[in-house]
>>> print(open('data39.txt').read())   # compact mmCIF, C-alpha atoms
# COMPACT_ATOMS: atom_id res chain seq x y z
CA MET A 1 -40.41 -7.63 -12.94
CA LYS A 2 -40.00 -5.72 -9.69
CA LYS A 3 -36.36 -5.37 -8.74
CA ASP A 4 -35.44 -7.79 -5.99
CA LYS A 5 -33.49 -5.66 -3.56
CA PHE A 6 -31.22 -6.81 -0.76
CA ILE A 7 -31.04 -3.94 1.68
CA ILE A 8 -29.02 -3.91 4.88
CA SER A 9 -29.14 -0.83 7.03
CA ARG A 10 -30.47 1.26 4.11
CA LYS A 11 -27.68 0.16 1.79
CA ASN A 12 -28.58 -1.69 -1.35
CA PHE A 13 -26.60 -4.77 -2.35
CA SER A 14 -27.01 -6.89 -5.45
CA SER A 15 -25.31 -10.05 -4.16
CA ARG A 16 -27.01 -11.99 -1.40
CA LEU A 17 -23.87 -13.95 -0.65
CA ILE A 18 -21.64 -12.65 2.13
CA VAL A 19 -18.31 -14.38 2.51
CA GLY A 20 -15.75 -14.68 5.24
CA THR A 21 -12.08 -13.98 4.59
CA GLY A 22 -10.58 -16.52 7.00
CA LYS A 23 -8.93 -19.91 6.50
CA TYR A 24 -7.62 -19.30 2.97
CA LYS A 25 -4.14 -20.50 2.02
CA SER A 26 -3.11 -16.99 1.03
CA MET A 27 -4.46 -13.48 0.69
CA HIS A 28 -4.26 -13.92 -3.05
CA GLU A 29 -6.48 -17.02 -2.93
CA CYS A 30 -8.90 -15.22 -0.63
CA ALA A 31 -9.18 -12.20 -2.91
CA LYS A 32 -9.73 -14.34 -6.00
CA ALA A 33 -12.39 -16.48 -4.32
CA ILE A 34 -14.23 -13.35 -3.19
CA LYS A 35 -14.18 -11.98 -6.69
CA LEU A 36 -15.58 -15.20 -8.11
CA SER A 37 -18.26 -15.40 -5.43
CA GLY A 38 -19.56 -11.99 -6.46
CA ALA A 39 -19.86 -11.04 -2.78
CA GLU A 40 -20.07 -7.35 -1.99
CA ILE A 41 -19.76 -7.79 1.76
CA VAL A 42 -16.94 -9.67 3.48
CA THR A 43 -16.41 -10.38 7.15
CA VAL A 44 -13.07 -9.49 8.68
CA ALA A 45 -11.52 -10.04 12.10
CA VAL A 46 -9.76 -7.51 14.33
CA ARG A 47 -6.34 -8.67 15.52
CA ARG A 48 -3.02 -7.31 16.70
CA VAL A 49 -0.70 -5.90 14.05
CA ASN A 50 2.35 -8.13 13.69
CA ILE A 51 5.12 -5.97 15.11
CA THR A 52 7.94 -8.41 14.46
CA ASP A 53 7.14 -9.31 10.86
CA LYS A 54 6.35 -6.05 9.14
CA LYS A 55 6.41 -7.57 5.69
CA LYS A 56 3.30 -9.67 6.32
CA PRO A 57 0.71 -8.82 3.66
CA LEU A 58 -2.25 -6.71 4.77
CA LEU A 59 -5.83 -7.68 3.99
CA MET A 60 -6.60 -4.14 2.84
CA ASP A 61 -3.90 -4.39 0.19
CA TYR A 62 -5.75 -7.32 -1.37
CA ILE A 63 -9.39 -6.46 -0.76
CA ASP A 64 -10.17 -2.80 -1.30
CA PRO A 65 -12.57 -1.58 1.40
CA LYS A 66 -13.74 1.13 -0.98
CA LYS A 67 -15.06 -1.50 -3.36
CA ILE A 68 -16.08 -4.29 -0.97
CA THR A 69 -17.97 -3.59 2.25
CA TYR A 70 -15.94 -4.75 5.23
CA LEU A 71 -18.03 -6.28 7.98
CA PRO A 72 -15.84 -6.38 11.10
CA ASN A 73 -16.65 -9.30 13.36
CA THR A 74 -16.05 -10.18 16.98
CA ALA A 75 -14.84 -13.71 16.36
CA GLY A 76 -13.01 -15.07 19.37
CA CYS A 77 -14.97 -12.95 21.86
CA PHE A 78 -16.60 -14.84 24.70
CA ASN A 79 -18.30 -11.99 26.52
CA SER A 80 -19.91 -8.63 25.91
CA LYS A 81 -16.92 -6.65 27.17
CA GLU A 82 -14.54 -8.23 24.66
CA ALA A 83 -17.02 -7.86 21.81
CA LEU A 84 -17.65 -4.18 22.56
CA ARG A 85 -13.93 -3.47 22.81
CA THR A 86 -13.30 -5.20 19.48
CA LEU A 87 -16.03 -3.37 17.58
CA ARG A 88 -15.15 0.02 19.01
CA LEU A 89 -11.61 -0.57 17.75
CA ALA A 90 -12.96 -1.70 14.38
CA ARG A 91 -14.93 1.52 14.08
CA GLU A 92 -11.79 3.47 14.90
CA ILE A 93 -9.84 1.88 12.05
CA GLY A 94 -11.92 3.61 9.47
CA GLY A 95 -15.41 4.48 10.58
CA TRP A 96 -17.05 1.07 10.28
CA LYS A 97 -20.51 1.15 11.78
CA LEU A 98 -21.99 -1.90 10.10
CA VAL A 99 -20.66 -4.81 12.15
CA LYS A 100 -21.16 -8.48 12.81
CA LEU A 101 -21.64 -9.30 16.46
CA GLU A 102 -20.65 -12.80 17.45
CA VAL A 103 -20.27 -13.66 21.12
CA LEU A 104 -19.44 -17.29 21.63
CA GLY A 105 -20.32 -19.34 24.68
CA ASP A 106 -18.45 -22.59 24.25
CA LYS A 107 -15.06 -23.28 22.71
CA LYS A 108 -16.03 -26.71 21.42
CA ASN A 109 -19.41 -26.25 19.80
CA LEU A 110 -18.92 -22.50 19.20
CA PHE A 111 -22.57 -21.83 19.92
CA PRO A 112 -23.45 -18.21 20.57
CA GLU A 113 -23.75 -16.97 24.14
CA MET A 114 -27.13 -15.35 23.67
CA ILE A 115 -27.43 -13.42 26.95
CA GLU A 116 -24.14 -11.63 26.26
CA THR A 117 -25.11 -11.22 22.61
CA LEU A 118 -28.38 -9.55 23.55
CA LYS A 119 -26.66 -7.25 26.01
CA SER A 120 -24.03 -6.26 23.43
CA THR A 121 -26.66 -5.63 20.73
CA GLU A 122 -28.43 -3.14 22.97
CA ILE A 123 -25.27 -1.24 23.87
CA LEU A 124 -23.85 -1.18 20.34
CA THR A 125 -27.14 0.03 18.86
CA LYS A 126 -27.22 2.87 21.37
CA GLU A 127 -23.68 3.78 20.34
CA GLY A 128 -24.79 4.12 16.73
CA PHE A 129 -23.57 0.77 15.39
CA LYS A 130 -25.61 -1.14 12.84
CA VAL A 131 -25.46 -4.61 14.27
CA MET A 132 -25.85 -7.78 12.28
CA VAL A 133 -26.18 -10.44 14.92
CA TYR A 134 -24.96 -14.02 14.82
CA CYS A 135 -27.40 -16.03 16.92
CA ASN A 136 -28.83 -19.46 17.51
CA ASP A 137 -31.88 -20.59 15.57
CA ASP A 138 -34.31 -19.77 18.37
CA PRO A 139 -37.28 -17.65 17.19
CA LEU A 140 -37.81 -16.17 20.68
CA MET A 141 -34.22 -14.99 20.92
CA ALA A 142 -34.36 -13.68 17.36
CA LYS A 143 -37.38 -11.60 18.36
CA ARG A 144 -35.58 -10.20 21.37
CA LEU A 145 -32.60 -9.25 19.22
CA GLU A 146 -34.92 -7.50 16.82
CA ASN A 147 -36.46 -5.56 19.70
CA SER A 148 -32.98 -4.64 20.90
CA GLY A 149 -32.18 -2.89 17.63
CA ALA A 150 -30.37 -5.52 15.54
CA CYS A 151 -30.23 -4.54 11.86
CA ALA A 152 -30.04 -8.15 10.65
CA ILE A 153 -30.72 -11.52 12.24
CA MET A 154 -28.10 -14.14 11.43
CA PRO A 155 -28.98 -17.55 12.83
CA LEU A 156 -26.61 -20.45 12.47
CA ALA A 157 -27.40 -23.37 10.19
CA ALA A 158 -25.17 -25.59 12.35
CA PRO A 159 -21.99 -25.08 14.41
CA ILE A 160 -19.39 -22.78 12.81
CA GLY A 161 -17.18 -24.61 10.35
CA SER A 162 -19.11 -27.89 10.76
CA GLY A 163 -20.44 -28.09 7.21
CA LEU A 164 -23.59 -29.84 8.45
CA GLY A 165 -26.06 -27.64 6.57
CA ILE A 166 -29.34 -26.36 8.01
CA ILE A 167 -30.22 -28.50 11.02
CA ASN A 168 -33.52 -26.91 11.92
CA GLU A 169 -35.41 -25.74 8.87
CA ILE A 170 -38.62 -25.29 10.84
CA ASN A 171 -37.09 -22.72 13.18
CA ILE A 172 -35.60 -20.81 10.27
CA LYS A 173 -39.04 -20.74 8.63
CA ILE A 174 -40.62 -19.46 11.84
CA ILE A 175 -37.98 -16.74 12.18
CA ARG A 176 -38.61 -15.82 8.54
CA LYS A 177 -42.32 -15.44 9.15
CA GLN A 178 -41.90 -13.30 12.24
CA THR A 179 -39.29 -10.80 11.08
CA LYS A 180 -39.07 -8.17 8.37
CA LEU A 181 -35.38 -7.66 9.13
CA PRO A 182 -32.82 -9.15 6.75
CA LEU A 183 -32.48 -12.82 7.70
CA ILE A 184 -29.09 -14.27 6.87
CA ILE A 185 -27.95 -17.81 7.53
CA ASP A 186 -24.53 -17.58 9.12
CA ALA A 187 -22.30 -20.57 9.79
CA GLY A 188 -22.49 -24.31 9.29
CA LEU A 189 -23.09 -24.59 5.57
CA GLY A 190 -21.12 -27.28 3.79
CA GLN A 191 -21.97 -27.16 0.10
CA ALA A 192 -23.72 -24.97 -2.44
CA SER A 193 -27.07 -26.76 -2.16
CA ASP A 194 -27.22 -25.79 1.54
CA ALA A 195 -27.19 -22.16 0.44
CA ALA A 196 -29.95 -22.84 -2.09
CA ILE A 197 -32.06 -24.41 0.67
CA ALA A 198 -31.49 -21.40 2.92
CA MET A 199 -32.67 -19.09 0.16
CA GLU A 200 -35.66 -21.32 -0.61
CA LEU A 201 -36.67 -21.09 3.04
CA GLY A 202 -36.97 -17.36 2.45
CA CYS A 203 -33.71 -16.14 3.90
CA ASP A 204 -32.42 -12.88 2.47
CA GLY A 205 -28.86 -14.06 2.24
CA VAL A 206 -26.19 -16.45 3.45
CA LEU A 207 -22.79 -15.97 5.02
CA VAL A 208 -20.19 -18.57 4.11
CA ASN A 209 -16.54 -18.97 4.95
CA THR A 210 -15.19 -22.47 5.63
CA ALA A 211 -17.28 -24.21 2.95
CA ILE A 212 -15.55 -22.12 0.30
CA ALA A 213 -12.11 -21.57 1.86
CA LYS A 214 -11.59 -25.23 2.75
CA ALA A 215 -13.14 -26.82 -0.34
CA LYS A 216 -10.64 -28.75 -2.43
CA LYS A 217 -11.23 -26.19 -5.16
CA PRO A 218 -12.15 -22.93 -3.44
CA PHE A 219 -12.59 -20.94 -6.66
CA GLN A 220 -15.03 -23.43 -8.12
CA MET A 221 -16.89 -23.59 -4.81
CA ALA A 222 -17.09 -19.80 -4.65
CA LEU A 223 -18.76 -19.84 -8.03
CA ALA A 224 -21.04 -22.71 -6.98
CA PHE A 225 -22.23 -20.76 -3.93
CA LYS A 226 -22.81 -17.67 -6.04
CA ASN A 227 -25.02 -19.63 -8.43
CA ALA A 228 -26.78 -21.54 -5.63
CA VAL A 229 -27.76 -18.32 -3.85
CA ILE A 230 -29.14 -16.86 -7.09
CA ALA A 231 -30.97 -20.11 -7.94
CA GLY A 232 -32.37 -20.49 -4.42
CA ARG A 233 -33.64 -16.93 -4.36
CA GLN A 234 -35.29 -17.26 -7.78
CA SER A 235 -36.84 -20.55 -6.71
CA TYR A 236 -38.22 -18.95 -3.54
CA LEU A 237 -39.71 -16.05 -5.48
CA SER A 238 -41.18 -18.38 -8.10
CA GLY A 239 -43.58 -20.12 -5.71
CA ARG A 240 -42.99 -23.83 -5.66
CA ILE A 241 -45.67 -26.45 -6.42
CA LYS A 242 -47.48 -28.25 -3.63
CA LYS A 243 -46.10 -31.59 -2.55
CA THR A 244 -48.48 -34.52 -3.19
CA LEU A 245 -48.38 -38.10 -2.06
CA TYR A 246 -49.19 -39.57 -5.49
CA GLY A 247 -48.04 -38.99 -9.04
CA ASN A 248 -49.50 -36.47 -11.43
CA PRO A 249 -48.62 -37.05 -15.11
CA SER A 250 -46.88 -34.29 -16.96
CA SER A 251 -48.31 -35.32 -20.34
CA PRO A 252 -52.03 -35.00 -21.25
CA LYS A 253 -54.18 -38.02 -20.40
CA SER A 254 -56.36 -37.49 -23.51
CA GLY A 255 -55.53 -38.49 -27.08
CA ILE A 256 -53.49 -41.48 -26.07
CA ILE A 257 -53.13 -43.90 -29.03
CA MET B 258 22.33 8.99 29.82
CA LYS B 259 18.68 9.05 28.80
CA LYS B 260 16.21 7.51 31.20
CA LYS B 261 14.43 4.42 29.90
CA ILE B 262 10.92 3.17 30.54
CA LYS B 263 9.22 -0.14 29.92
CA ILE B 264 6.01 -0.47 27.95
CA LYS B 265 4.03 -3.31 26.45
CA LEU B 266 3.33 -3.13 22.73
CA ASN B 267 0.87 -5.78 21.51
CA GLY B 268 1.78 -7.94 24.46
CA LYS B 269 5.54 -7.61 23.95
CA LEU B 270 7.74 -5.89 26.52
CA LYS B 271 9.73 -2.98 25.04
CA THR B 272 12.27 -0.64 26.57
CA ILE B 273 12.02 2.85 25.14
CA ASN B 274 13.30 6.35 25.85
CA ASN B 275 11.55 8.20 28.62
CA LYS B 276 10.20 11.01 26.51
CA SER B 277 8.86 8.89 23.66
CA THR B 278 5.45 9.74 22.29
CA LEU B 279 2.96 7.29 20.87
CA PHE B 280 3.80 8.75 17.48
CA ASN B 281 7.46 7.71 17.93
CA ILE B 282 6.36 4.11 18.51
CA VAL B 283 4.09 4.13 15.46
CA GLN B 284 6.85 5.55 13.32
CA LYS B 285 9.54 3.24 14.62
CA ASN B 286 7.42 0.17 13.92
CA LYS B 287 6.33 1.45 10.50
CA ILE B 288 2.65 1.15 11.36
CA PRO B 289 0.33 2.15 8.48
CA LEU B 290 -1.73 4.58 10.56
CA ALA B 291 -4.71 4.69 8.20
CA LYS B 292 -5.22 0.94 8.51
CA VAL B 293 -5.05 0.50 12.27
CA ALA B 294 -6.70 1.42 15.56
CA ILE B 295 -4.73 2.15 18.70
CA GLU B 296 -5.54 1.57 22.33
CA LEU B 297 -3.54 2.95 25.24
CA ASN B 298 -4.27 1.22 28.53
CA GLN B 299 -7.56 -0.08 27.12
CA GLU B 300 -8.73 3.32 25.93
CA ILE B 301 -9.04 4.13 22.26
CA VAL B 302 -6.67 6.83 21.14
CA ASP B 303 -7.50 9.54 18.59
CA LYS B 304 -4.94 8.83 15.87
CA LYS B 305 -4.67 12.53 15.09
CA LYS B 306 -3.38 13.27 18.56
CA ILE B 307 -0.66 10.67 18.96
CA LYS B 308 2.12 13.24 18.64
CA ASN B 309 0.96 14.77 21.90
CA ILE B 310 0.72 11.55 23.85
CA ASN B 311 3.77 10.95 26.04
CA LEU B 312 4.27 7.40 27.19
CA LYS B 313 4.77 6.42 30.80
CA ASN B 314 6.33 3.41 32.45
CA ASN B 315 4.07 0.30 32.26
CA ASP B 316 1.84 1.73 29.54
CA LYS B 317 0.08 -0.92 27.51
CA ILE B 318 -0.39 -0.22 23.82
CA GLU B 319 -2.49 -2.32 21.49
CA ILE B 320 -2.37 -1.71 17.76
CA VAL B 321 -4.91 -3.69 15.74
CA HIS B 322 -5.94 -4.07 12.13
CA PHE B 323 -8.21 -6.23 10.01
CA ILE B 324 -7.22 -9.73 9.05
CA GLY B 325 -9.08 -12.59 7.40
CA GLY B 326 -11.97 -13.93 9.45
CA GLY B 327 -15.42 -15.44 9.16
>>> encode(input="data39.txt", output="structure tokens")
Amino acid sequence: MKKDKFIISRKNFSSRLIVGTGKYKSMHECAKAIKLSGAEIVTVAVRRVNITDKKKPLLMDYIDPKKITYLPNTAGCFNSKEALRTLRLAREIGGWKLVKLEVLGDKKNLFPEMIETLKSTEILTKEGFKVMVYCNDDPLMAKRLENSGACAIMPLAAPIGSGLGIINEINIKIIRKQTKLPLIIDAGLGQASDAAIAMELGCDGVLVNTAIAKAKKPFQMALAFKNAVIAGRQSYLSGRIKKTLYGNPSSPKSGII
Amino acid sequence: MKKKIKIKLNGKLKTINNKSTLFNIVQKNKIPLAKVAIELNQEIVDKKKIKNINLKNNDKIEIVHFIGGG
């Protein structure tokens, strides 16, 4: 069997599940969930160092960036200027060039501000960043991002943290057909089967945070997502049967007594 | 008496000695240099050069690191 590779910006990964590191009860819980999920890439946010409480645990002490690929994000940025500033700082921390761009347009629905996102993608690519772009599920916009140098297209399934699952499967399928770039569903998944569906639609991977971090049992859910992504991918590669309106018996019709 | 200046460190007003360098601030606040990025007045600072950067009145310093996020 040909090896099924998941390549982002020329780097080969074996897990197709990317997880976020936010919303966990503790760093310890976060680190354990990541381990169980099998993820090799984790998203991280850039924030001010706490000057007053120096004993606060650091993410890097729990998740080793030498073993797990850090994917700095621009969460909380509402325009291109903020996003660029954030990612330039992220690069400065330790040379991170692979980044997740996320420019939001509305504080309530957290939908991406696509004009600013597009603008930022162009600038960041020119500056040598490898930009994985959080976007809406619009095939036309996805195409424009691709033309602007994005290294991965990451459409939402539904609003961030909503747990609604994939709202528009058709658009995801269209984006899949039109792009050779890694296609990763980012945001809005609620349970493991949502991830399996994303993979069965032909996505290359999924990015999950809230669904794992806020599950009643995050460790079990991390494992569930890991298995769902593997199952969904295998199912996609296996070539499903055609849907028919009527039944088709599984046992031979001949030799019936 | 040493002259004092006022700076903003991560949004907080601080009074420091006039001839303080950025390195002094990093040291005083026990900042793990390898795990942070530093901005001075919205411009990224080369961490290797902070010993040579003298702070002025009203300077704004931002020191950031990675935390959990989605």
>>> closest_residue(input="data39.txt", among="A:Glu92, A:Glu113, A:Asp138, A:Asp4", to="chain B", atoms="all atoms listed in the file")
A:Glu92
>>> closest_residue(input="data39.txt", among="A:Gly255, A:Pro139, A:Gly105, A:Gly38", to="Thr179 (chain A)", atoms="only C-alpha atoms")
A:Pro139
>>> closest_atom_pairs(input="data39.txt", of="chain B", to="chain A", cutoff="12 Å", atoms="all atoms listed in the file", output="Markdown table")
| residue | atom | partner | partner_atom | distance |
| --- | --- | --- | --- | --- |
| B:Lys265 | CA | A:Ile51 | CA | 11.7 |
| B:Leu266 | CA | A:Ile51 | CA | 8.3 |
| B:Asn267 | CA | A:Arg48 | CA | 6.4 |
| B:Gly268 | CA | A:Arg48 | CA | 9.1 |
| B:Lys269 | CA | A:Ile51 | CA | 9.0 |
| B:Leu270 | CA | A:Ile51 | CA | 11.7 |
| B:Lys271 | CA | A:Ile51 | CA | 11.3 |
| B:Ile282 | CA | A:Ile51 | CA | 10.7 |
| B:Val283 | CA | A:Ile51 | CA | 10.2 |
| B:Gln284 | CA | A:Ile51 | CA | 11.8 |
| B:Lys285 | CA | A:Ile51 | CA | 10.2 |
| B:Asn286 | CA | A:Ile51 | CA | 6.7 |
| B:Lys287 | CA | A:Lys54 | CA | 7.6 |
| B:Ile288 | CA | A:Val49 | CA | 8.3 |
| B:Pro289 | CA | A:Val49 | CA | 9.8 |
| B:Leu290 | CA | A:Ile93 | CA | 8.7 |
| B:Ala291 | CA | A:Ile93 | CA | 7.0 |
| B:Lys292 | CA | A:Ile93 | CA | 5.9 |
| B:Val293 | CA | A:Ile93 | CA | 5.0 |
| B:Ala294 | CA | A:Ile93 | CA | 4.7 |
| B:Ile295 | CA | A:Leu89 | CA | 7.5 |
| B:Glu296 | CA | A:Leu89 | CA | 7.9 |
| B:Leu297 | CA | A:Leu89 | CA | 11.6 |
| B:Gln299 | CA | A:Arg85 | CA | 8.4 |
| B:Glu300 | CA | A:Arg85 | CA | 9.1 |
| B:Ile301 | CA | A:Leu89 | CA | 7.0 |
| B:Val302 | CA | A:Glu92 | CA | 8.7 |
| B:Asp303 | CA | A:Glu92 | CA | 8.3 |
| B:Lys304 | CA | A:Glu92 | CA | 8.8 |
| B:Lys305 | CA | A:Glu92 | CA | 11.5 |
| B:Ile318 | CA | A:Arg48 | CA | 10.4 |
| B:Glu319 | CA | A:Arg48 | CA | 6.9 |
| B:Ile320 | CA | A:Arg48 | CA | 5.7 |
| B:Val321 | CA | A:Arg48 | CA | 4.2 |
| B:His322 | CA | A:Val46 | CA | 5.6 |
| B:Phe323 | CA | A:Val46 | CA | 4.8 |
| B:Ile324 | CA | A:Ala45 | CA | 5.3 |
| B:Gly325 | CA | A:Gly22 | CA | 4.2 |
| B:Gly326 | CA | A:Gly22 | CA | 3.8 |
| B:Gly327 | CA | A:Gly20 | CA | 4.0 |
>>> residues_around(input="data39.txt", residues="region 307-311 of chain B", least_positions_apart="6", cutoff="9 Å", atoms="all atoms listed in the file", output="PDB file with C-alpha atoms, in the frame of the given file")
ATOM      1  CA  ASN B 275      11.550   8.200  28.620  1.00  0.00           C
ATOM      2  CA  LYS B 276      10.200  11.010  26.510  1.00  0.00           C
ATOM      3  CA  SER B 277       8.860   8.890  23.660  1.00  0.00           C
ATOM      4  CA  THR B 278       5.450   9.740  22.290  1.00  0.00           C
ATOM      5  CA  LEU B 279       2.960   7.290  20.870  1.00  0.00           C
ATOM      6  CA  PHE B 280       3.800   8.750  17.480  1.00  0.00           C
ATOM      7  CA  ASN B 281       7.460   7.710  17.930  1.00  0.00           C
ATOM      8  CA  VAL B 283       4.090   4.130  15.460  1.00  0.00           C
TER       9      VAL B 283
END
>>> atom_distance(input="data39.txt", atom1="CA of Met154 (chain A)", atom2="CA of Leu98 (chain A)")
13.7 Å
>>> atom_distance(input="data39.txt", atom1="CA of Lys107 (chain A)", atom2="CA of Pro159 (chain A)")
11.0 Å
>>> atom_distance(input="data39.txt", atom1="CA of Lys217 (chain A)", atom2="CA of Asn168 (chain A)")
28.1 Å
>>> residues_around(input="data39.txt", residues="region 225-242 of chain A", least_positions_apart="2", cutoff="8 Å", atoms="only C-alpha atoms", output="list in words")
Arg16, Leu17, Leu36, Ser37, Gly38, Ala39, Gln191, Ala192, Ser193, Ala195, Ala196, Ile197, Ala198, Met199, Glu200, Leu201, Gly202, Gly205, Val206, Met221, Ala222, Leu223 and Thr244 of chain A
>>> write_last_selection(input="data39.txt", atoms="C-alpha atoms", output="short mmCIF file (atom, residue, chain, number, x, y, z; two decimals), keeping the file's coordinate frame")
data_model
loop_
_atom_site.label_atom_id
_atom_site.label_comp_id
_atom_site.auth_asym_id
_atom_site.auth_seq_id
_atom_site.Cartn_x
_atom_site.Cartn_y
_atom_site.Cartn_z
CA ARG A 16 -27.01 -11.99 -1.40
CA LEU A 17 -23.87 -13.95 -0.65
CA LEU A 36 -15.58 -15.20 -8.11
CA SER A 37 -18.26 -15.40 -5.43
CA GLY A 38 -19.56 -11.99 -6.46
CA ALA A 39 -19.86 -11.04 -2.78
CA GLN A 191 -21.97 -27.16 0.10
CA ALA A 192 -23.72 -24.97 -2.44
CA SER A 193 -27.07 -26.76 -2.16
CA ALA A 195 -27.19 -22.16 0.44
CA ALA A 196 -29.95 -22.84 -2.09
CA ILE A 197 -32.06 -24.41 0.67
CA ALA A 198 -31.49 -21.40 2.92
CA MET A 199 -32.67 -19.09 0.16
CA GLU A 200 -35.66 -21.32 -0.61
CA LEU A 201 -36.67 -21.09 3.04
CA GLY A 202 -36.97 -17.36 2.45
CA GLY A 205 -28.86 -14.06 2.24
CA VAL A 206 -26.19 -16.45 3.45
CA MET A 221 -16.89 -23.59 -4.81
CA ALA A 222 -17.09 -19.80 -4.65
CA LEU A 223 -18.76 -19.84 -8.03
CA THR A 244 -48.48 -34.52 -3.19
#
>>> closest_residue(input="data39.txt", among="A:Asn12, A:Ser251, A:Asn147, A:Thr117", to="Val133 (chain A)", atoms="all atoms listed in the file")
A:Thr117
>>> residues_around(input="data39.txt", residues="Ile7 (chain A)", least_positions_apart="4", cutoff="12 Å", atoms="all atoms listed in the file", output="list of chain:residue names")
A:Lys3, A:Lys11, A:Asn12, A:Phe13, A:Ser14, A:Ser15, A:Arg16, A:Ile41, A:Cys151, A:Ala152, A:Lys180, A:Leu181, A:Pro182, A:Leu183, A:Ile184, A:Asp204, A:Gly205
>>> residues_near_point(input="data39.txt", point="(-28.9, -18.8, 17.8)", cutoff="7 Å", atoms="only C-alpha atoms", output="list in words")
Pro112, Tyr134, Cys135, Asn136, Asp137, Asp138, Pro155 and Leu156 of chain A
>>> residues_around(input="data39.txt", residues="Asn274 (chain B)", least_positions_apart="3", cutoff="8 Å", atoms="only C-alpha atoms", output="list in words")
Lys259, Lys260, Lys261, Ile262 and Ser277 of chain B
>>> decode(input="data39.txt", residues="region 280-295 of chain B", atoms="N, CA and C atoms", output="PDB file, in the first residue's frame")
ATOM      1  N   PHE B 280      17.926  45.176  28.908  1.00  0.00           N
ATOM      2  CA  PHE B 280      18.441  43.978  29.574  1.00  0.00           C
ATOM      3  C   PHE B 280      18.163  44.015  31.076  1.00  0.00           C
ATOM      4  N   ASN B 281      18.327  45.206  31.690  1.00  0.00           N
ATOM      5  CA  ASN B 281      18.050  45.354  33.127  1.00  0.00           C
ATOM      6  C   ASN B 281      16.608  44.967  33.447  1.00  0.00           C
ATOM      7  N   ILE B 282      15.695  45.401  32.581  1.00  0.00           N
ATOM      8  CA  ILE B 282      14.261  45.117  32.792  1.00  0.00           C
ATOM      9  C   ILE B 282      13.993  43.619  32.688  1.00  0.00           C
ATOM     10  N   VAL B 283      14.592  43.000  31.676  1.00  0.00           N
ATOM     11  CA  VAL B 283      14.416  41.564  31.460  1.00  0.00           C
ATOM     12  C   VAL B 283      14.931  40.784  32.666  1.00  0.00           C
ATOM     13  N   GLN B 284      16.098  41.207  33.140  1.00  0.00           N
ATOM     14  CA  GLN B 284      16.720  40.533  34.275  1.00  0.00           C
ATOM     15  C   GLN B 284      15.904  40.708  35.555  1.00  0.00           C
ATOM     16  N   LYS B 285      15.501  41.951  35.788  1.00  0.00           N
ATOM     17  CA  LYS B 285      14.754  42.267  36.997  1.00  0.00           C
ATOM     18  C   LYS B 285      13.431  41.489  37.071  1.00  0.00           C
ATOM     19  N   ASN B 286      12.815  41.289  35.940  1.00  0.00           N
ATOM     20  CA  ASN B 286      11.531  40.590  35.917  1.00  0.00           C
ATOM     21  C   ASN B 286      11.664  39.089  35.656  1.00  0.00           C
ATOM     22  N   LYS B 287      12.900  38.628  35.684  1.00  0.00           N
ATOM     23  CA  LYS B 287      13.195  37.190  35.493  1.00  0.00           C
ATOM     24  C   LYS B 287      12.516  36.619  34.245  1.00  0.00           C
ATOM     25  N   ILE B 288      12.668  37.315  33.147  1.00  0.00           N
ATOM     26  CA  ILE B 288      12.047  36.880  31.889  1.00  0.00           C
ATOM     27  C   ILE B 288      12.913  35.798  31.236  1.00  0.00           C
ATOM     28  N   PRO B 289      12.324  34.629  30.930  1.00  0.00           N
ATOM     29  CA  PRO B 289      13.116  33.592  30.231  1.00  0.00           C
ATOM     30  C   PRO B 289      13.305  33.999  28.763  1.00  0.00           C
ATOM     31  N   LEU B 290      14.435  34.600  28.483  1.00  0.00           N
ATOM     32  CA  LEU B 290      14.674  35.257  27.197  1.00  0.00           C
ATOM     33  C   LEU B 290      14.441  34.349  25.978  1.00  0.00           C
ATOM     34  N   ALA B 291      14.779  33.071  26.133  1.00  0.00           N
ATOM     35  CA  ALA B 291      14.655  32.150  24.993  1.00  0.00           C
ATOM     36  C   ALA B 291      13.197  31.885  24.624  1.00  0.00           C
ATOM     37  N   LYS B 292      12.300  32.182  25.555  1.00  0.00           N
ATOM     38  CA  LYS B 292      10.893  31.824  25.321  1.00  0.00           C
ATOM     39  C   LYS B 292       9.998  33.032  25.047  1.00  0.00           C
ATOM     40  N   VAL B 293      10.601  34.174  24.803  1.00  0.00           N
ATOM     41  CA  VAL B 293       9.790  35.379  24.601  1.00  0.00           C
ATOM     42  C   VAL B 293      10.218  36.155  23.353  1.00  0.00           C
ATOM     43  N   ALA B 294       9.371  37.124  22.985  1.00  0.00           N
ATOM     44  CA  ALA B 294       9.746  38.115  21.977  1.00  0.00           C
ATOM     45  C   ALA B 294       9.510  39.479  22.617  1.00  0.00           C
ATOM     46  N   ILE B 295      10.329  40.441  22.200  1.00  0.00           N
ATOM     47  CA  ILE B 295      10.235  41.764  22.829  1.00  0.00           C
ATOM     48  C   ILE B 295      10.019  42.847  21.777  1.00  0.00           C
TER      49      ILE B 295
END
